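Here is the structure we will look at, set down as structure tokens.
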Amino acid sequence: AWLLARKNNGQFILRIEDTDRARSTKENEENILESLKWLGLEYDEFYRQSENVTRHKEVLNKLISENKAYLSKEVAKDGSGEIKEIIRFKNPNEEVSFVDEIKGEIVMRTDDLGDFVIAKNINEPLFHFAVVVDDFDEGVTHVIRGEDHVSNTPRQILIGRAIGAPTPIYAHLPLVLGVDKQKLSKRRGALAITEYRDQGYLPEAILNMVAMVGWNPGTEQELFTKTELVQIFNFQQVQKSPAIFNPEKLNWFNREYLKKLDDESLIIKLESWYGEALPTKLLPLLRERLTTFADLKKMKEAGELDYFFNQPKFTKELLKTGTLLIEVIRLLETISETDFNKEKIKELIMPYADEQGRAKVLWPMRVALTGKEKSPDPFTVAELLGKNETINRLNEALKLG
RNA sequence: GGCCCUAUCGUCUAAUGGUUAGGACGGAGCCUUCUCAAGGCUUAAAUCCGGGUUCGACUCCCGGUAGGGUCACCA
């Protein structure tokens with residue numbers, strides 16, 4: 001909806017459908033607001049359905065006086081057994097058809113709906129009714145929503161006709177299903193947008209992923225900025241069948257967007273997610289190794305980054321033989337502190353490593369610096385450790401033999 | 001079950017009557033390499049089934065089958 005509104009210079013309206021007071025909470029509303037803000041989907045108008053009850057009541061009364069709706073005394077379905085006066089819509093039992101922008105023409109009989117309920121009482125309108133009144137009042141031209149609303153559309157059209165509202169253009173998007181092929185829901189693997197944020201995903205990745213589920217540009221391009229999506233998104237290439245959400249693909253999108261970040265932006269985002277300052281020098285160890293920001297946390301907790309902060313401990317077995325480190329140290333001593341970068345170090349060490357056998361030189365050098373079986377290459381690590389610390393650690397390793 | 005929608009690799013999808021059925025994710029293999037990661041290359045993998053229509057069907061029609069949605073005094 002946001003994409004289409006922006007593309008056509010329309011207004012993106014956010015309306016909180018909170019007519020059911022029992023289910024509508026401040027937390028849920030805030031979560032929606034937070035999610036949209038995080039994704040960068042700014043809205044042009046904001047409404048809360050519950051604030052329109054006076055208007056709903058007015059239309060309800062009008063419908064009743066016009067004999068298009070009626071009060072009905074019935075036993076409450078809430079289990080209380082009380083007799084309550086609900087409001088039913090007088091169903092004209094017509095065949096209703098509409099042209100969905102995505103699915104094409106849809107024809108449905110409405111007689112099996114009966115005289116459906118549109119309000120619990122004069123002060124408590126139900127969703128289907130409130131939506132139609134609000135859409136009318138707010139000048140909604142396009143209703144873009146999930147496929148789960150297709151079968152609700154005829155009754156909303158019927159209500160619209162009864163109140164003299166124009167029928168908006170409908171577009172029903174395919175649903176996103178979980179791996180179990182069921183509609184994504186809280187109980188079945190669905191996460192709130194804010195939870196993806198908390199798991200360390202980038203909003204660009206989420207947005208791109210969501211856009212590509214159920215829609216494609218018709219080309220082989222997969223990475224799109226928000227601006228590009230606005231330009232090329234269209235209904236014609238929206239899929240008609242539901243799509244199963246693939247978390248692996250989301251991870252890929254996230255890695256792609258992580259790659260696009262320069263060092264400065266990456267460290268800023270990483271720090272703000274992680275909640276504490278991080279040395280910029282840490283980046284070479286992180287870049288290419290992160291899928292989401294949460295991996296930083298995992299790596300720290302698993303001790304994978306310890307060697308950056310502390311002198312590593314390791315066994316002679318892991319080091320294998322450290323005797324060749326004497327020459328490594330000698331060579332490194334010749335580099336000035338200011339020139340101590342990985343290119344220079346590599347240039348100096350590689351000839352010696354090639355001469356002695358790379359594994360005999362590079363492995364112990366790397367273990368001496370990291371204490372790890374797996375780590376980034378020794379040149380990268382040496383640079384971020386600095387000349388003194390590097391030589392220090394190599395000397396320590398030498399003592400092991 | 002009624003009504004509505006849908007059906008191409010495991011997943012997301014391209015191909016709107018004529019292609020060796022293409023791409024991406026994931027998988028496998030190889031290369032690169034001191035290890036890991038990243039990267040590069042290669043590869044396996046699909047038109048749900050049955051009838052039509054047509055010189056020719058992924059594509060059009062019909063029927064099955066399968067999947068999804070919906071049938072609230074929820075949204």
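Just so we're on the same page: first chain in the structure tokens is A, next is B, and so on; residues restart at 1 for each chain, and ligands are numbered from 1 in the order they show up.
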
What's the 12 Å shell around C62 in chain B, counting only C-alpha atoms (C1' of nucleotides), without same-chain residues fewer than 4 positions away, as a list in words?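 So the residues in contact are G50, G51, G52 and U53 of chain B.
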
Taking only C-alpha atoms (C1' of nucleotides) into account, report as a VMD selection string which residues of chain A lie within 6 Å of chain B. chain A and resid 120 148 151 220 241 249 288 to 289 359 362 to 363 374 to 375

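Interatomic distance, CA of Glu66 in chain A to CA of Asp20 in chain A: 26.4 Å.
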
Long-range neighbours of Arg155 in chain A as a list in words, 9 Å cut-off, only C-alpha atoms (C1' of nucleotides), 5 positions minimum in chain: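 Within the cut-off, the hits are Asn91, Val96, Thr110, Leu113, Phe116, His128 and Gly160 of chain A.
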
Expected file: the selected residues, C-alpha atoms, as a PDB file, in the first residue's frame:
```pdb
ATOM      1  CA  ASN A  91     -29.079  -8.364   3.259  1.00  0.00           C
ATOM      2  CA  VAL A  96     -21.851  -9.151  -5.875  1.00  0.00           C
ATOM      3  CA  THR A 110     -24.185 -13.122  -0.692  1.00  0.00           C
ATOM      4  CA  LEU A 113     -24.280 -14.425   4.563  1.00  0.00           C
ATOM      5  CA  PHE A 116     -25.129 -10.385   9.158  1.00  0.00           C
ATOM      6  CA  HIS A 128     -16.896  -4.737   8.641  1.00  0.00           C
ATOM      7  CA  GLY A 160     -20.972   0.556   1.086  1.00  0.00           C
TER       8      GLY A 160
END
```

Long-range neighbours of Phe340 in chain A as a list in words, 7 Å cut-off, only C-alpha atoms (C1' of nucleotides), 5 positions minimum in chain: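 My reading of the contact set: Ile335, Ile345, Glu383, Gly386 and Lys387 of chain A.
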
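When DSSP reads the backbone of this structure, the residues of range 79-193 of chain A it assigns to alpha helix (DSSP H) are Phe127, His128, Phe129, Ala130, Val131, Val132, Val133, Asp134, Asp135, Phe136, Asp137, Thr153, Pro154, Arg155, Gln156, Ile157, Leu158, Ile159, Gly160, Arg161, Ala162 and Ile193 of chain A.
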
When you look at A57 in chain B with a cut-off of 10 Å (counting only C-alpha atoms (C1' of nucleotides)), what residues show up, excluding the ones that are within fewer than 2 positions of it in the same chain? I need them as a list in words. G17, G18, U53, U54, U59 and C60 of chain B

Using the selection just defined, write its residues with N, CA and C atoms (P, O5', C5', C4', C3', O3' and C1' of nucleotides) as a CSV table (one decimal), in the first residue's frame.
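Written output follows (part_2.csv):
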```
chain,number,residue,atom,x,y,z
B,17,G,P,1.0,-16.0,-25.9
B,17,G,O5',1.3,-17.4,-26.6
B,17,G,C5',1.4,-18.5,-25.8
B,17,G,C4',2.3,-19.6,-26.5
B,17,G,C3',2.7,-19.0,-27.9
B,17,G,O3',4.1,-18.7,-28.1
B,17,G,C1',1.4,-21.0,-28.1
B,18,G,P,5.4,-19.4,-27.6
B,18,G,O5',5.6,-20.8,-28.4
B,18,G,C5',5.9,-22.0,-27.8
B,18,G,C4',7.0,-22.8,-28.4
B,18,G,C3',8.3,-21.9,-28.5
B,18,G,O3',9.4,-22.6,-27.9
B,18,G,C1',7.4,-22.4,-30.7
B,53,U,P,-9.3,-32.4,-29.9
B,53,U,O5',-9.1,-30.8,-30.1
B,53,U,C5',-10.2,-30.0,-29.8
B,53,U,C4',-9.8,-28.5,-29.8
B,53,U,C3',-8.6,-28.2,-30.7
B,53,U,O3',-9.2,-27.9,-32.0
B,53,U,C1',-8.1,-27.4,-28.6
B,54,U,P,-8.5,-28.6,-33.3
B,54,U,O5',-7.1,-28.0,-33.4
B,54,U,C5',-7.0,-26.5,-33.5
B,54,U,C4',-5.5,-26.1,-33.4
B,54,U,C3',-4.5,-26.9,-34.1
B,54,U,O3',-4.4,-26.5,-35.5
B,54,U,C1',-3.8,-26.7,-31.9
B,59,U,P,-0.1,-25.8,-20.2
B,59,U,O5',-0.1,-24.2,-20.3
B,59,U,C5',-0.5,-23.4,-19.2
B,59,U,C4',-0.2,-21.9,-19.6
B,59,U,C3',-1.2,-21.4,-20.7
B,59,U,O3',-1.7,-20.1,-20.3
B,59,U,C1',1.1,-21.2,-21.4
B,60,C,P,-3.0,-20.1,-19.5
B,60,C,O5',-4.1,-20.4,-20.6
B,60,C,C5',-4.6,-19.4,-21.5
B,60,C,C4',-5.7,-19.9,-22.3
B,60,C,C3',-6.6,-20.9,-21.6
B,60,C,O3',-7.6,-20.2,-21.0
B,60,C,C1',-5.9,-21.8,-23.7
```

Neighbouring residues of Leu191 in chain A were defined as those with any atom within 12 Å, considering only C-alpha atoms (C1' of nucleotides); residues of the same chain fewer than 4 positions away were excluded. Please report them as a PyMOL selection string. chain A and resi 35+178+184-187+195-199+206+245+247

Selection to disk with N, CA and C atoms, as a short mmCIF file (atom, residue, chain, number, x, y, z; two decimals), in the first residue's frame:
```
data_model
loop_
_atom_site.label_atom_id
_atom_site.label_comp_id
_atom_site.auth_asym_id
_atom_site.auth_seq_id
_atom_site.Cartn_x
_atom_site.Cartn_y
_atom_site.Cartn_z
N SER A 35 7.16 -0.23 14.10
CA SER A 35 7.57 -1.04 12.94
C SER A 35 7.61 -0.21 11.67
N GLY A 178 3.93 -19.94 6.48
CA GLY A 178 5.11 -20.46 7.18
C GLY A 178 5.61 -21.71 6.50
N LEU A 184 0.96 -17.57 8.26
CA LEU A 184 1.90 -17.17 9.29
C LEU A 184 1.15 -16.57 10.47
N SER A 185 1.42 -17.05 11.64
CA SER A 185 0.78 -16.49 12.81
C SER A 185 1.74 -16.58 13.98
N LYS A 186 1.39 -15.91 15.04
CA LYS A 186 2.29 -15.89 16.20
C LYS A 186 2.62 -17.28 16.70
N ARG A 187 1.62 -18.14 16.62
CA ARG A 187 1.85 -19.48 17.13
C ARG A 187 2.66 -20.32 16.17
N GLU A 195 10.61 -7.66 16.14
CA GLU A 195 11.45 -8.78 16.59
C GLU A 195 12.59 -9.04 15.60
N TYR A 196 12.31 -8.82 14.33
CA TYR A 196 13.39 -8.94 13.35
C TYR A 196 14.43 -7.86 13.62
N ARG A 197 13.95 -6.68 13.96
CA ARG A 197 14.87 -5.61 14.31
C ARG A 197 15.73 -6.04 15.50
N ASP A 198 15.08 -6.60 16.51
CA ASP A 198 15.79 -7.01 17.71
C ASP A 198 16.76 -8.16 17.45
N GLN A 199 16.48 -8.93 16.41
CA GLN A 199 17.38 -10.03 16.06
C GLN A 199 18.55 -9.54 15.21
N ILE A 206 14.59 -6.39 5.32
CA ILE A 206 13.21 -6.82 5.57
C ILE A 206 12.30 -6.29 4.48
N PHE A 245 7.42 -18.36 3.29
CA PHE A 245 8.51 -17.49 3.73
C PHE A 245 9.80 -18.29 3.92
N PRO A 247 13.38 -18.08 5.46
CA PRO A 247 14.28 -17.33 6.33
C PRO A 247 15.70 -17.27 5.79
#
```

I'd like the interatomic distance between CA of Leu348 in chain A and CA of Glu333 in chain A, to a tenth of an Å.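 Separation of CA of Leu348 in chain A and CA of Glu333 in chain A: 10.8 Å.
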
As a CSV table (one decimal) with N, CA and C atoms (P, O5', C5', C4', C3', O3' and C1' of nucleotides), in the first residue's frame, please: the residues near U8 in chain B (cut-off 7 Å, only C-alpha atoms (C1' of nucleotides), same-chain neighbours under 4 positions excluded).
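The resulting selection.csv:
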```
chain,number,residue,atom,x,y,z
B,46,A,P,13.9,-32.3,-12.2
B,46,A,O5',12.6,-31.3,-12.0
B,46,A,C5',11.6,-31.6,-11.0
B,46,A,C4',10.6,-30.5,-11.0
B,46,A,C3',9.8,-30.4,-12.3
B,46,A,O3',8.7,-31.3,-12.4
B,46,A,C1',10.6,-28.3,-11.6
B,47,U,P,8.4,-32.1,-13.7
B,47,U,O5',7.8,-30.9,-14.7
B,47,U,C5',6.4,-30.8,-14.8
B,47,U,C4',6.0,-29.4,-14.3
B,47,U,C3',4.6,-29.0,-14.6
B,47,U,O3',4.1,-28.3,-13.5
B,47,U,C1',6.0,-27.4,-15.6
B,58,C,P,4.4,-27.9,-22.7
B,58,C,O5',4.0,-27.1,-21.4
B,58,C,C5',3.8,-27.7,-20.2
B,58,C,C4',3.5,-26.6,-19.2
B,58,C,C3',2.4,-25.6,-19.6
B,58,C,O3',1.1,-26.1,-19.3
B,58,C,C1',4.3,-24.4,-18.7
```
